[in-house]
Structures are given as structure tokens and as C-alpha cells.
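Participant: My structure is stored as structure27.tsv, with TSV, C-alpha atoms.
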chain	number	residue	atom	x	y	z
F	1	MET	CA	-14.56	45.50	-6.48
F	2	VAL	CA	-11.04	46.72	-5.80
F	3	THR	CA	-10.58	48.52	-2.50
F	4	LYS	CA	-8.28	51.36	-1.58
F	5	GLU	CA	-6.51	48.97	0.78
F	6	GLN	CA	-5.77	46.51	-2.04
F	7	VAL	CA	-4.30	49.28	-4.16
F	8	GLU	CA	-2.20	50.47	-1.24
F	9	ALA	CA	-0.99	46.97	-0.47
F	10	SER	CA	0.09	46.25	-4.05
F	11	LEU	CA	1.85	49.57	-4.50
F	12	THR	CA	3.57	49.23	-1.12
F	13	SER	CA	4.87	45.74	-1.77
F	14	LYS	CA	6.08	46.39	-5.32
F	15	LEU	CA	7.32	49.99	-5.24
F	16	LYS	CA	8.37	50.35	-1.59
F	17	PRO	CA	7.21	53.98	-1.51
F	18	ILE	CA	8.36	56.40	1.19
F	19	HIS	CA	5.15	58.29	0.57
F	20	LEU	CA	1.92	56.85	-0.73
F	21	GLU	CA	-1.47	58.39	-1.02
F	22	VAL	CA	-4.38	56.54	-2.55
F	23	THR	CA	-7.68	58.37	-2.87
F	24	ASP	CA	-10.89	56.64	-3.79
F	25	ILE	CA	-12.60	58.96	-6.25
F	26	SER	CA	-15.26	56.51	-7.33
F	27	GLY	CA	-18.02	58.17	-5.35
F	28	GLY	CA	-19.34	54.68	-4.78
F	29	CYS	CA	-19.62	53.61	-8.43
F	30	GLY	CA	-16.98	51.60	-10.30
F	31	SER	CA	-13.44	51.71	-9.02
F	32	SER	CA	-11.55	54.93	-9.53
F	33	PHE	CA	-8.43	55.97	-7.73
F	34	GLU	CA	-5.98	58.80	-7.62
F	35	VAL	CA	-2.51	57.87	-6.47
F	36	GLU	CA	0.60	59.71	-5.39
F	37	VAL	CA	3.71	57.60	-5.17
F	38	VAL	CA	7.16	58.67	-4.02
F	39	SER	CA	9.70	55.92	-4.44
F	40	GLU	CA	13.44	55.41	-4.79
F	41	GLN	CA	12.65	53.03	-7.62
F	42	PHE	CA	11.68	55.97	-9.83
F	43	GLU	CA	15.24	57.26	-9.78
F	44	GLY	CA	16.59	57.81	-13.29
F	45	LYS	CA	13.28	56.92	-14.92
F	46	ARG	CA	11.19	59.08	-17.22
F	47	LEU	CA	7.61	59.88	-16.25
F	48	LEU	CA	6.31	57.39	-18.82
F	49	GLU	CA	8.43	54.62	-17.32
F	50	ARG	CA	7.31	55.56	-13.82
F	51	HIS	CA	3.69	55.36	-14.84
F	52	ARG	CA	4.39	52.00	-16.45
F	53	MET	CA	5.82	50.80	-13.13
F	54	VAL	CA	2.69	51.90	-11.28
F	55	ASN	CA	0.48	50.27	-13.90
F	56	ALA	CA	2.53	47.08	-13.67
F	57	ALA	CA	2.32	47.05	-9.87
F	58	LEU	CA	-1.45	47.21	-10.20
F	59	GLU	CA	-1.70	44.75	-13.07
F	60	GLU	CA	-4.22	42.53	-11.30
F	61	GLU	CA	-6.25	45.41	-9.91
F	62	MET	CA	-6.31	47.20	-13.26
F	63	LYS	CA	-8.59	44.50	-14.63
F	64	GLU	CA	-11.28	45.85	-12.35
F	65	ILE	CA	-10.24	49.45	-11.90
F	66	HIS	CA	-12.22	51.75	-14.10
F	67	ALA	CA	-9.98	54.79	-13.80
F	68	LEU	CA	-6.55	55.36	-12.35
F	69	SER	CA	-5.03	58.79	-12.20
F	70	ILE	CA	-1.38	58.99	-11.26
F	71	LYS	CA	-1.10	62.44	-9.75
F	72	LYS	CA	2.49	62.04	-8.65
F	73	ALA	CA	5.27	59.60	-9.41
F	74	GLN	CA	8.33	61.17	-7.88
F	75	THR	CA	11.66	60.32	-6.37
F	76	PRO	CA	12.27	61.27	-2.73
F	77	GLN	CA	14.53	64.12	-3.90
F	78	GLN	CA	11.80	65.59	-6.09
F	79	TRP	CA	9.16	65.19	-3.46
F	80	LYS	CA	10.85	67.06	-0.60
F	81	PRO	CA	10.80	70.59	-2.00
F	82	SER	CA	7.13	70.35	-2.88
F	83	GLN	CA	6.31	69.37	0.69
F	84	ASP	CA	7.51	72.71	2.04
F	85	SER	CA	6.40	75.13	-0.61
F	86	ALA	CA	3.54	73.17	-2.16
F	87	THR	CA	4.76	74.38	-5.53
F	88	GLN	CA	5.68	72.35	-8.59
F	89	PRO	CA	9.21	70.99	-8.31
F	90	LYS	CA	11.23	71.96	-11.35
F	91	ASP	CA	14.10	69.62	-11.91
F	92	ALA	CA	15.06	70.93	-15.31
V	1	MET	CA	-20.69	60.77	-10.59
V	2	ALA	CA	-18.73	59.80	-13.67
V	3	ALA	CA	-21.59	60.86	-15.89
V	4	ALA	CA	-21.91	64.19	-14.15
V	5	LEU	CA	-18.18	64.72	-14.48
V	6	SER	CA	-18.03	64.06	-18.19
V	7	SER	CA	-21.05	66.17	-19.00
V	8	ARG	CA	-19.43	69.01	-17.13
V	9	PHE	CA	-16.35	68.63	-19.28
V	10	LEU	CA	-18.44	68.49	-22.40
V	11	LYS	CA	-19.76	71.95	-21.90
V	12	THR	CA	-16.32	73.47	-21.77
V	13	VAL	CA	-14.83	71.63	-24.68
V	14	ARG	CA	-14.18	73.46	-27.92
V	15	CYS	CA	-13.47	71.12	-30.76
V	16	ASN	CA	-13.84	72.92	-34.08
V	17	ARG	CA	-10.34	72.31	-35.31
V	18	LEU	CA	-10.25	68.78	-34.04
V	19	ALA	CA	-13.59	68.04	-35.60
V	20	SER	CA	-12.46	68.84	-39.09
V	21	VAL	CA	-9.24	66.95	-38.74
V	22	TYR	CA	-11.07	64.01	-37.32
V	23	GLN	CA	-13.26	63.86	-40.38
V	24	ASN	CA	-10.63	64.55	-42.99
V	25	GLY	CA	-8.03	62.33	-41.49
V	26	MET	CA	-9.99	59.40	-40.26
V	27	MET	CA	-13.10	58.88	-42.29
V	28	ARG	CA	-11.29	57.10	-45.03
V	29	TYR	CA	-10.98	54.03	-42.81
V	30	SER	CA	-14.64	54.18	-41.96
V	31	SER	CA	-14.12	51.74	-39.15
V	32	SER	CA	-14.88	54.18	-36.37
V	33	VAL	CA	-17.78	56.22	-37.56
V	34	PRO	CA	-19.56	57.62	-34.53
V	35	SER	CA	-22.80	55.81	-34.00
V	36	ASP	CA	-25.38	55.55	-31.28
V	37	SER	CA	-25.34	52.47	-29.15
V	38	ASP	CA	-28.89	51.78	-30.24
V	39	THR	CA	-28.14	51.98	-33.93
V	40	HIS	CA	-29.50	48.99	-35.77
V	41	ASP	CA	-26.91	46.53	-37.05
V	42	ASP	CA	-27.85	47.35	-40.63
V	43	PHE	CA	-26.60	50.85	-40.20
V	44	LYS	CA	-23.35	50.04	-38.52
V	45	PRO	CA	-20.13	50.41	-40.48
V	46	THR	CA	-19.54	47.35	-42.57
V	47	GLN	CA	-15.82	47.69	-42.90
V	48	LYS	CA	-15.06	46.54	-39.38
V	49	VAL	CA	-12.05	44.34	-39.25
V	50	ALA	CA	-13.06	40.76	-38.69
V	51	PRO	CA	-12.69	39.42	-35.14
V	52	GLY	CA	-9.37	37.75	-34.55
V	53	SER	CA	-7.56	39.64	-37.24
V	54	THR	CA	-5.37	41.35	-34.75
V	55	ASP	CA	-2.56	41.69	-37.25
V	56	SER	CA	-4.50	44.04	-39.47
V	57	LEU	CA	-5.60	46.07	-36.47
V	58	LYS	CA	-2.00	46.34	-35.41
V	59	ASP	CA	-1.21	47.55	-38.92
V	60	LEU	CA	-4.01	50.06	-38.67
V	61	VAL	CA	-2.65	51.45	-35.40
V	62	GLU	CA	0.88	51.53	-36.83
V	63	ASN	CA	-0.45	53.41	-39.81
V	64	ASP	CA	-2.42	55.84	-37.64
V	65	VAL	CA	0.55	56.85	-35.57
V	66	LYS	CA	2.76	57.10	-38.63
V	67	GLU	CA	0.41	59.29	-40.63
V	68	ASN	CA	-0.83	61.50	-37.81
V	69	PRO	CA	1.87	63.55	-36.08
V	70	VAL	CA	-0.52	63.71	-33.15
V	71	MET	CA	-2.81	60.75	-32.64
V	72	ILE	CA	-5.19	60.11	-29.76
V	73	TYR	CA	-7.14	56.96	-28.97
V	74	MET	CA	-9.92	58.05	-26.70
V	75	LYS	CA	-13.33	57.38	-25.25
V	76	GLY	CA	-15.75	59.26	-27.44
V	77	ILE	CA	-14.72	61.70	-30.14
V	78	PRO	CA	-12.96	65.06	-29.78
V	79	GLU	CA	-16.26	66.89	-30.26
V	80	ALA	CA	-17.88	64.76	-27.59
V	81	PRO	CA	-15.52	62.95	-25.25
V	82	GLN	CA	-17.23	60.30	-23.16
V	83	CYS	CA	-14.82	60.34	-20.26
V	84	GLY	CA	-13.30	63.11	-18.18
V	85	PHE	CA	-9.76	61.93	-18.83
V	86	SER	CA	-10.22	61.84	-22.59
V	87	SER	CA	-11.83	65.25	-22.43
V	88	LEU	CA	-8.89	66.61	-20.48
V	89	ALA	CA	-6.35	65.21	-22.96
V	90	VAL	CA	-8.24	66.69	-25.91
V	91	ARG	CA	-8.39	70.08	-24.25
V	92	VAL	CA	-4.67	70.01	-23.56
V	93	LEU	CA	-3.88	69.17	-27.18
V	94	GLN	CA	-6.20	71.95	-28.34
V	95	GLN	CA	-3.90	74.50	-26.74
V	96	TYR	CA	-1.45	73.81	-29.55
V	97	ASN	CA	-2.13	74.66	-33.11
V	98	VAL	CA	-1.78	71.13	-34.40
V	99	PRO	CA	-4.02	68.72	-36.27
V	100	VAL	CA	-5.00	65.75	-34.15
V	101	GLY	CA	-6.05	62.37	-35.46
V	102	ALA	CA	-8.52	60.59	-33.22
V	103	ARG	CA	-10.23	57.26	-32.87
V	104	ASN	CA	-13.03	56.31	-30.54
V	105	ILE	CA	-12.10	53.04	-28.84
V	106	LEU	CA	-15.58	52.66	-27.38
V	107	GLU	CA	-16.72	51.94	-30.92
V	108	ASP	CA	-14.59	48.88	-31.30
V	109	PRO	CA	-13.42	46.56	-28.50
V	110	GLU	CA	-11.03	44.82	-30.91
V	111	LEU	CA	-9.35	48.11	-31.71
V	112	LYS	CA	-9.23	48.92	-28.01
V	113	ASN	CA	-7.33	45.71	-27.33
V	114	ALA	CA	-5.06	46.22	-30.31
V	115	VAL	CA	-4.08	49.69	-29.09
V	116	LYS	CA	-3.50	48.40	-25.56
V	117	SER	CA	-1.17	45.68	-26.72
V	118	PHE	CA	0.56	48.01	-29.17
V	119	SER	CA	1.51	50.49	-26.46
V	120	HIS	CA	1.56	48.11	-23.48
V	121	TRP	CA	-0.61	50.62	-21.67
V	122	PRO	CA	-3.80	49.63	-19.87
V	123	THR	CA	-5.95	52.77	-19.97
V	124	PHE	CA	-7.36	55.40	-22.29
V	125	PRO	CA	-6.82	58.02	-23.58
V	126	GLN	CA	-3.51	57.18	-25.23
V	127	ILE	CA	-1.54	59.81	-27.07
V	128	PHE	CA	1.12	59.33	-29.73
V	129	ILE	CA	3.30	62.12	-31.08
V	130	LYS	CA	5.35	61.53	-34.21
V	131	GLY	CA	4.91	57.81	-33.80
V	132	GLU	CA	6.14	57.80	-30.22
V	133	PHE	CA	3.86	56.68	-27.42
V	134	ILE	CA	3.55	59.57	-24.96
V	135	GLY	CA	1.18	58.25	-22.31
V	136	GLY	CA	-2.24	59.07	-20.93
V	137	SER	CA	-3.96	62.18	-19.62
V	138	ASP	CA	-1.82	62.57	-16.49
V	139	ILE	CA	1.36	62.55	-18.54
V	140	ILE	CA	0.11	64.88	-21.26
V	141	LEU	CA	-1.09	67.34	-18.62
V	142	ASN	CA	2.25	67.16	-16.84
V	143	MET	CA	4.16	67.71	-20.09
V	144	HIS	CA	1.90	70.66	-20.86
V	145	LYS	CA	2.62	72.25	-17.48
V	146	GLU	CA	6.35	71.63	-17.75
V	147	GLY	CA	6.62	73.06	-21.26
V	148	GLU	CA	7.78	69.72	-22.69
V	149	LEU	CA	4.74	69.39	-24.90
V	150	GLU	CA	5.35	72.72	-26.58
V	151	GLU	CA	8.89	71.60	-27.34
V	152	LYS	CA	7.66	68.29	-28.73
V	153	LEU	CA	4.98	69.85	-30.90
V	154	LYS	CA	7.07	72.74	-32.18
V	155	ASP	CA	8.03	71.20	-35.49
V	156	VAL	CA	4.63	69.57	-35.84
V	157	SER	CA	2.90	72.93	-36.04
V	158	ALA	CA	5.67	74.31	-38.24
V	159	ASN	CA	5.21	71.49	-40.70
V	160	GLN	CA	1.50	72.02	-41.14
V	161	LYS	CA	0.07	74.00	-43.98
V	162	SER	CA	-1.88	76.97	-42.69
V	163	GLN	CA	-5.54	76.15	-42.69
Render the structure in this file as C-alpha cells.

Facilitator:
Amino acid sequence: MVTKEQVEASLTSKLKPIHLEVTDISGGCGSSFEVEVVSEQFEGKRLLERHRMVNAALEEEMKEIHALSIKKAQTPQQWKPSQDSATQPKDA
Amino acid sequence: MAAALSSRFLKTVRCNRLASVYQNGMMRYSSSVPSDSDTHDDFKPTQKVAPGSTDSLKDLVENDVKENPVMIYMKGIPEAPQCGFSSLAVRVLQQYNVPVGARNILEDPELKNAVKSFSHWPTFPQIFIKGEFIGGSDIILNMHKEGELEEKLKDVSANQKSQ
């Protein structure tokens, strides 16, 4: 069974996030996680590509993870405004 | 917990439009007819693609996404999603007046693998719009919130005959 710590370790080593939040939402059955990742590496990448990067970082874990929800995959610039106001950052 | 979650979603899901499209659009392949897990082998669809014939499954997926402006590979069927994420994606797509083609990947592990390798995406649901891979439920929800989905589906709804 994949632990929260394993997910954190893989994401930290591969994406070098400045903010990372992994939440175990399995409720004790299977392995389900919600993740928020803020990383420089997302710069200039579309959301789909960012999600692909997260999936790739967790390639090994994904074999055992039942559900992975990527709540946030943002660049540091996108992340900052939402910290203060807790509203959706609009970059368009 | 997962079971409780999906049954909660089930109650709120409205699938009339999707249901008809699902039948009209997809039944002709007859490879993903909904069936109970305890259905006897004799009653299972016989047209299943033979194991190992990944090429034809790839063709089938290619054909799906080409012929259906909006195509979802999901757990369960639009009328009865078997996973909260699939349910969420279906409900998002229902906000737009577009026909949605759907296949239940729980019915066919070979198809599941074929879709995964087609899109290079590890999880379900998977949504394709006009042949382009869009992503899973997190992405479709995000695009919905940001107004990107409306933009993407604009000409899809315009192209459909009124039903």
C-alpha cells in the first residue's frame, strides 16, 4: 500500500515543489490521494502537461494508487494570489 | 467509503440525454454492453475483441474519438457511473448541450489498457473532444470553471442537429 509519505517523497524529488500538499482520502481502503503541487517546473506548461508531469512523477506509485486527484498544479506566480484571497487565480 | 461516495453521486446524476446517445452511438460495436458481473458467460457479448489484438482495439479507440465529438471512457455508464470521478466528469459534460459517446472500461480490461496506452494517461475517466485528448475529471472540472470548456464545445453544439 502506498503511503502519503511515499507520494510526498516522489513528488518532492521529481518536481521540486515550493508548496506541496498531499491528502490521504482513502478513508483506510485502497490508496486515494489529493495533491496540490506548486512548482517552477510547471512554468509555460498547459494544465494537461502539468498533470502528465505529476502522473509521471508518481509512475511507480500509480500502479497501486486507486485514485489520484490533482487539485492544484500551479506555478509559484499563480499560487501567490490565491494564498491571500483564497479565490481562483485568473491568469487569462 | 468509495462505495458510499459513488452512490451519493448516483442519486444526483441526470443522464437522459447521455443515455440515448450512448445507445445510438455505441451499441453498434456491441463490445461494451452493460452487464452484471454475475452474468453467465453465455450471455456476455460475443463480439469482444480477442485478447492480444491490441491493434484492433487501438483502431476502435481511434474510431471512437474521431466519430464522437465528445467521447468519454469511464467507470460505469453515464446513467450509472461506478466511480465518483467518472460521475463528476459526466455531470460536467451534461452542462453543455452536446451528445457524448461513452464506453465503460470496467467491462473490458483490454479496452482499458488500449485507452491508457492511446492517451498515455494512467487513470479514468478520460475525455476526448474533437479527437483531442483533454484529460481526466480534475482537468474537465477546471476547464468548466474557467470557461474553456464552453469555448471548446461551442462549435460542437452548433454542429448538432436539434434533437

Participant: Between F:Met1, F:Val35, F:Leu68, F:Ala57, which has the minimum distance to Thr23 of chain F (counting all atoms listed in the file)?

Facilitator: F:Val35

Participant: Can you work out which one of V:Met74, V:Met143, V:Val100, V:Ala114 has the shortest atom-to-atom distance to chain F, counting all atoms listed in the file?

Facilitator: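 For chain F, the nearest of the candidates is V:Met143.
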
Participant: Which polymer residues, protein or nucleic acid, are no farther than 6 Å from (-10.3, 65.2, -30.4), counting all atoms listed in the file, as a tab-separated table (two decimals) with C-alpha atoms, in the frame of the given file?

Facilitator:
chain	number	residue	atom	x	y	z
V	18	LEU	CA	-10.25	68.78	-34.04
V	77	ILE	CA	-14.72	61.70	-30.14
V	78	PRO	CA	-12.96	65.06	-29.78
V	90	VAL	CA	-8.24	66.69	-25.91
V	102	ALA	CA	-8.52	60.59	-33.22

Participant: For the contact check between chain F and chain V, emit one row per residue of chain F within 9 Å, containing the shortest atom pair and the distance in Å rounded to one decimal, counting all atoms listed in the file, chain then rising number order, as CSV.

Facilitator:
residue,atom,partner,partner_atom,distance
F:Ser26,CA,V:Met1,CA,7.6
F:Gly27,CA,V:Met1,CA,6.4
F:Gly28,CA,V:Met1,CA,8.5
F:Cys29,CA,V:Met1,CA,7.6
F:Leu47,CA,V:Ile139,CA,7.2
F:Leu48,CA,V:Gly135,CA,6.3
F:His51,CA,V:Gly135,CA,8.4
F:Arg52,CA,V:Trp121,CA,7.4
F:Asn55,CA,V:Pro122,CA,7.4
F:Glu59,CA,V:Pro122,CA,8.6
F:Met62,CA,V:Pro122,CA,7.5
F:Lys63,CA,V:Pro122,CA,8.8
F:His66,CA,V:Thr123,CA,8.6
F:Ala67,CA,V:Thr123,CA,7.6
F:Leu68,CA,V:Thr123,CA,8.1
F:Ser69,CA,V:Asp138,CA,6.6
F:Ile70,CA,V:Asp138,CA,6.4
F:Lys71,CA,V:Asp138,CA,6.8
F:Lys72,CA,V:Asp138,CA,9.0
F:Lys90,CA,V:Glu146,CA,8.1

Participant: Compile the contact shell of Asn113 of chain V as a PyMOL selection string: residues with an atom at most 12 Å away, counting only C-alpha atoms, same-chain residues fewer than 2 positions apart removed.

Facilitator: chain V and resi 51-55+57-58+61+73+105-111+115-124

Participant: Counting all atoms listed in the file, which residue out of F:Leu15, F:Ile25, F:Val7, F:Val2 sits closest to Met53 of chain F?

Facilitator: F:Leu15

Participant: Residues within 9 Å of Val54 of chain F, please, as an NGL selection string. Count only C-alpha atoms; anything in the same chain fewer than 4 positions from it doesn't count.

Facilitator: :F and (11 or 14-15 or 37 or 49-50 or 58-59 or 70 or 73)

Participant: One decimal, in Å: what's the spacing between atom CA of Ser39 of chain F and atom CA of Gln74 of chain F?

Facilitator: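 Atom-to-atom, atom CA of Ser39 of chain F to atom CA of Gln74 of chain F, that is 6.4 Å.
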
Participant: Go ahead and compute the interatomic distance for atom CA of Ser87 of chain V and atom CA of Leu20 of chain F, in Å to one decimal.

Facilitator: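 Computed distance, atom CA of Ser87 of chain V to atom CA of Leu20 of chain F, equals 27.0 Å.
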
Participant: One decimal, Å: what's the distance from atom CA of Gln6 of chain F over to atom CA of Ile18 of chain F, could you say?

Facilitator: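 These atoms are spaced 17.5 Å apart.
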
Participant: When distances are computed from only C-alpha atoms, which of F:Ala9, F:Val22, F:Thr75, F:Glu60 shows the smallest separation from Val38 of chain F?

Facilitator: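 Counting only C-alpha atoms, the residue closest to Val38 of chain F is F:Thr75.
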
Participant: Between F:Phe33, F:Thr3, F:Ile65, F:Glu40, which one has atoms that come closest to Glu21 of chain F, using only C-alpha atoms?

Facilitator: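 Of F:Phe33, F:Thr3, F:Ile65, F:Glu40, the one nearest Glu21 of chain F, counting only C-alpha atoms, is F:Phe33.
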
Participant: Could you please fill out segment 27-43 of chain F with N, CA, C and O atoms and send it back as a PDB file, keeping the file's coordinate frame?

Facilitator:
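What ended up in part.pdb:
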ATOM      1  N   GLY F  27     -16.712  57.684  -5.789  1.00  0.00           N
ATOM      2  CA  GLY F  27     -18.020  58.170  -5.350  1.00  0.00           C
ATOM      3  C   GLY F  27     -19.005  57.026  -5.236  1.00  0.00           C
ATOM      4  O   GLY F  27     -20.204  57.197  -5.382  1.00  0.00           O
ATOM      5  N   GLY F  28     -18.485  55.831  -5.004  1.00  0.00           N
ATOM      6  CA  GLY F  28     -19.340  54.680  -4.780  1.00  0.00           C
ATOM      7  C   GLY F  28     -19.687  53.886  -6.024  1.00  0.00           C
ATOM      8  O   GLY F  28     -20.278  52.821  -5.940  1.00  0.00           O
ATOM      9  N   CYS F  29     -19.329  54.377  -7.224  1.00  0.00           N
ATOM     10  CA  CYS F  29     -19.620  53.610  -8.430  1.00  0.00           C
ATOM     11  C   CYS F  29     -18.334  53.264  -9.165  1.00  0.00           C
ATOM     12  O   CYS F  29     -17.455  54.101  -9.295  1.00  0.00           O
ATOM     13  N   GLY F  30     -18.205  52.043  -9.621  1.00  0.00           N
ATOM     14  CA  GLY F  30     -16.980  51.600 -10.300  1.00  0.00           C
ATOM     15  C   GLY F  30     -15.811  51.640  -9.341  1.00  0.00           C
ATOM     16  O   GLY F  30     -15.982  51.734  -8.127  1.00  0.00           O
ATOM     17  N   SER F  31     -14.620  51.589  -9.850  1.00  0.00           N
ATOM     18  CA  SER F  31     -13.440  51.710  -9.020  1.00  0.00           C
ATOM     19  C   SER F  31     -12.524  52.739  -9.650  1.00  0.00           C
ATOM     20  O   SER F  31     -11.958  52.496 -10.704  1.00  0.00           O
ATOM     21  N   SER F  32     -12.423  53.878  -9.017  1.00  0.00           N
ATOM     22  CA  SER F  32     -11.550  54.930  -9.530  1.00  0.00           C
ATOM     23  C   SER F  32     -10.650  55.431  -8.412  1.00  0.00           C
ATOM     24  O   SER F  32     -11.117  55.680  -7.304  1.00  0.00           O
ATOM     25  N   PHE F  33      -9.381  55.537  -8.748  1.00  0.00           N
ATOM     26  CA  PHE F  33      -8.430  55.970  -7.730  1.00  0.00           C
ATOM     27  C   PHE F  33      -7.501  57.035  -8.274  1.00  0.00           C
ATOM     28  O   PHE F  33      -7.165  57.055  -9.459  1.00  0.00           O
ATOM     29  N   GLU F  34      -7.080  57.886  -7.354  1.00  0.00           N
ATOM     30  CA  GLU F  34      -5.980  58.800  -7.620  1.00  0.00           C
ATOM     31  C   GLU F  34      -4.829  58.357  -6.738  1.00  0.00           C
ATOM     32  O   GLU F  34      -5.032  58.086  -5.555  1.00  0.00           O
ATOM     33  N   VAL F  35      -3.634  58.289  -7.304  1.00  0.00           N
ATOM     34  CA  VAL F  35      -2.510  57.870  -6.470  1.00  0.00           C
ATOM     35  C   VAL F  35      -1.352  58.861  -6.563  1.00  0.00           C
ATOM     36  O   VAL F  35      -1.118  59.488  -7.596  1.00  0.00           O
ATOM     37  N   GLU F  36      -0.663  58.979  -5.452  1.00  0.00           N
ATOM     38  CA  GLU F  36       0.600  59.710  -5.390  1.00  0.00           C
ATOM     39  C   GLU F  36       1.632  58.745  -4.848  1.00  0.00           C
ATOM     40  O   GLU F  36       1.435  58.166  -3.780  1.00  0.00           O
ATOM     41  N   VAL F  37       2.689  58.546  -5.598  1.00  0.00           N
ATOM     42  CA  VAL F  37       3.710  57.600  -5.170  1.00  0.00           C
ATOM     43  C   VAL F  37       5.073  58.295  -5.166  1.00  0.00           C
ATOM     44  O   VAL F  37       5.452  58.932  -6.148  1.00  0.00           O
ATOM     45  N   VAL F  38       5.782  58.178  -4.083  1.00  0.00           N
ATOM     46  CA  VAL F  38       7.160  58.670  -4.020  1.00  0.00           C
ATOM     47  C   VAL F  38       8.041  57.481  -3.687  1.00  0.00           C
ATOM     48  O   VAL F  38       7.879  56.861  -2.637  1.00  0.00           O
ATOM     49  N   SER F  39       8.912  57.133  -4.619  1.00  0.00           N
ATOM     50  CA  SER F  39       9.700  55.920  -4.440  1.00  0.00           C
ATOM     51  C   SER F  39      11.111  56.070  -4.994  1.00  0.00           C
ATOM     52  O   SER F  39      11.312  56.701  -6.042  1.00  0.00           O
ATOM     53  N   GLU F  40      12.048  55.460  -4.309  1.00  0.00           N
ATOM     54  CA  GLU F  40      13.440  55.410  -4.790  1.00  0.00           C
ATOM     55  C   GLU F  40      13.514  54.740  -6.156  1.00  0.00           C
ATOM     56  O   GLU F  40      14.386  55.035  -6.964  1.00  0.00           O
ATOM     57  N   GLN F  41      12.595  53.810  -6.379  1.00  0.00           N
ATOM     58  CA  GLN F  41      12.650  53.030  -7.620  1.00  0.00           C
ATOM     59  C   GLN F  41      12.404  53.875  -8.876  1.00  0.00           C
ATOM     60  O   GLN F  41      12.648  53.422  -9.983  1.00  0.00           O
ATOM     61  N   PHE F  42      11.915  55.100  -8.680  1.00  0.00           N
ATOM     62  CA  PHE F  42      11.680  55.970  -9.830  1.00  0.00           C
ATOM     63  C   PHE F  42      12.952  56.687 -10.289  1.00  0.00           C
ATOM     64  O   PHE F  42      12.961  57.354 -11.325  1.00  0.00           O
ATOM     65  N   GLU F  43      13.971  56.571  -9.491  1.00  0.00           N
ATOM     66  CA  GLU F  43      15.240  57.260  -9.780  1.00  0.00           C
ATOM     67  C   GLU F  43      15.724  56.942 -11.198  1.00  0.00           C
ATOM     68  O   GLU F  43      15.796  55.779 -11.608  1.00  0.00           O
TER      69      GLU F  43
END
